[in-house]
Amino acid sequence: DDFIVDRNTSSISGSLTISMNDNGEKLSSYSRSLNAIVLGPKPLRSKAYRNLTAKGHQSGFIPVWQPIEELVKRLEKILGKYAVFFFNEFSPEVIGVLWRPKVFVGKPLSALAAEYSCPSQAEWRTDALVARNVGDLMREIAQV
């Protein structure tokens, strides 16, 4: 049961002392090196900091910058009442737009609902209906 460490033939420069783990089992330099191999190379290991927690994230990975998700959230915040925005996380270069059904229905002109509106007929009359202008909505999407 005792570990024997030969310091003269050892090829490692680390600590050759025998230590105990949390369960009370003895750990040699060989056992520690196997544990380090399982953890992987140091630059690729996830780092733990006291002020950052990985709660709710898989494998301790803390996402920092997610530009597509942020863009879709901003589009939903600004134009969510006109359209639904979505994307495929495996090919995020395309963002889909699904217009809500009642967006293009003609309505009487109202100052409160005049945003992105244009006359639905070629001539403007007193009782004319207005509809959403797709060109204005697309320009707004392009600017976001």
# chains A, B, ... in the order shown; residues from 1 in each chain; ligands from 1
$ residues_around --residues "region 65-81 of chain A" --least-positions-apart "5" --cutoff "8 Å" --atoms "only C-alpha atoms" --output "CSV table (one decimal) with N, CA and C atoms, in the first residue's frame"
chain,number,residue,atom,x,y,z
A,86,PHE,N,-36.5,35.8,-36.0
A,86,PHE,CA,-35.9,34.5,-35.6
A,86,PHE,C,-34.7,34.2,-36.4
A,92,PRO,N,-26.2,31.7,-38.3
A,92,PRO,CA,-26.8,33.0,-37.8
A,92,PRO,C,-26.6,34.1,-38.8
A,95,ILE,N,-31.3,36.4,-40.6
A,95,ILE,CA,-32.3,36.6,-39.6
A,95,ILE,C,-33.6,36.6,-40.3
A,100,ARG,N,-46.5,40.1,-38.8
A,100,ARG,CA,-47.8,39.8,-38.0
A,100,ARG,C,-48.9,40.1,-39.0
A,141,ILE,N,-35.3,48.3,-40.0
A,141,ILE,CA,-34.6,47.1,-39.7
A,141,ILE,C,-33.1,47.2,-40.1
A,144,VAL,N,-31.0,49.3,-37.6
A,144,VAL,CA,-30.8,48.7,-36.3
A,144,VAL,C,-29.6,47.8,-36.4
$ residues_around --residues "Ala113 (chain A)" --least-positions-apart "4" --cutoff "10 Å" --atoms "only C-alpha atoms" --output "ChimeraX atom specification"
/A:107-109,117,130,132
$ atom_distance --atom1 "CA of Ser110 (chain A)" --atom2 "CA of Met138 (chain A)"
21.9 Å
$ closest_residue --among "A:Leu34, A:Leu16, A:Ala131, A:Gln121" --to "Tyr82 (chain A)" --atoms "only C-alpha atoms"
A:Ala131
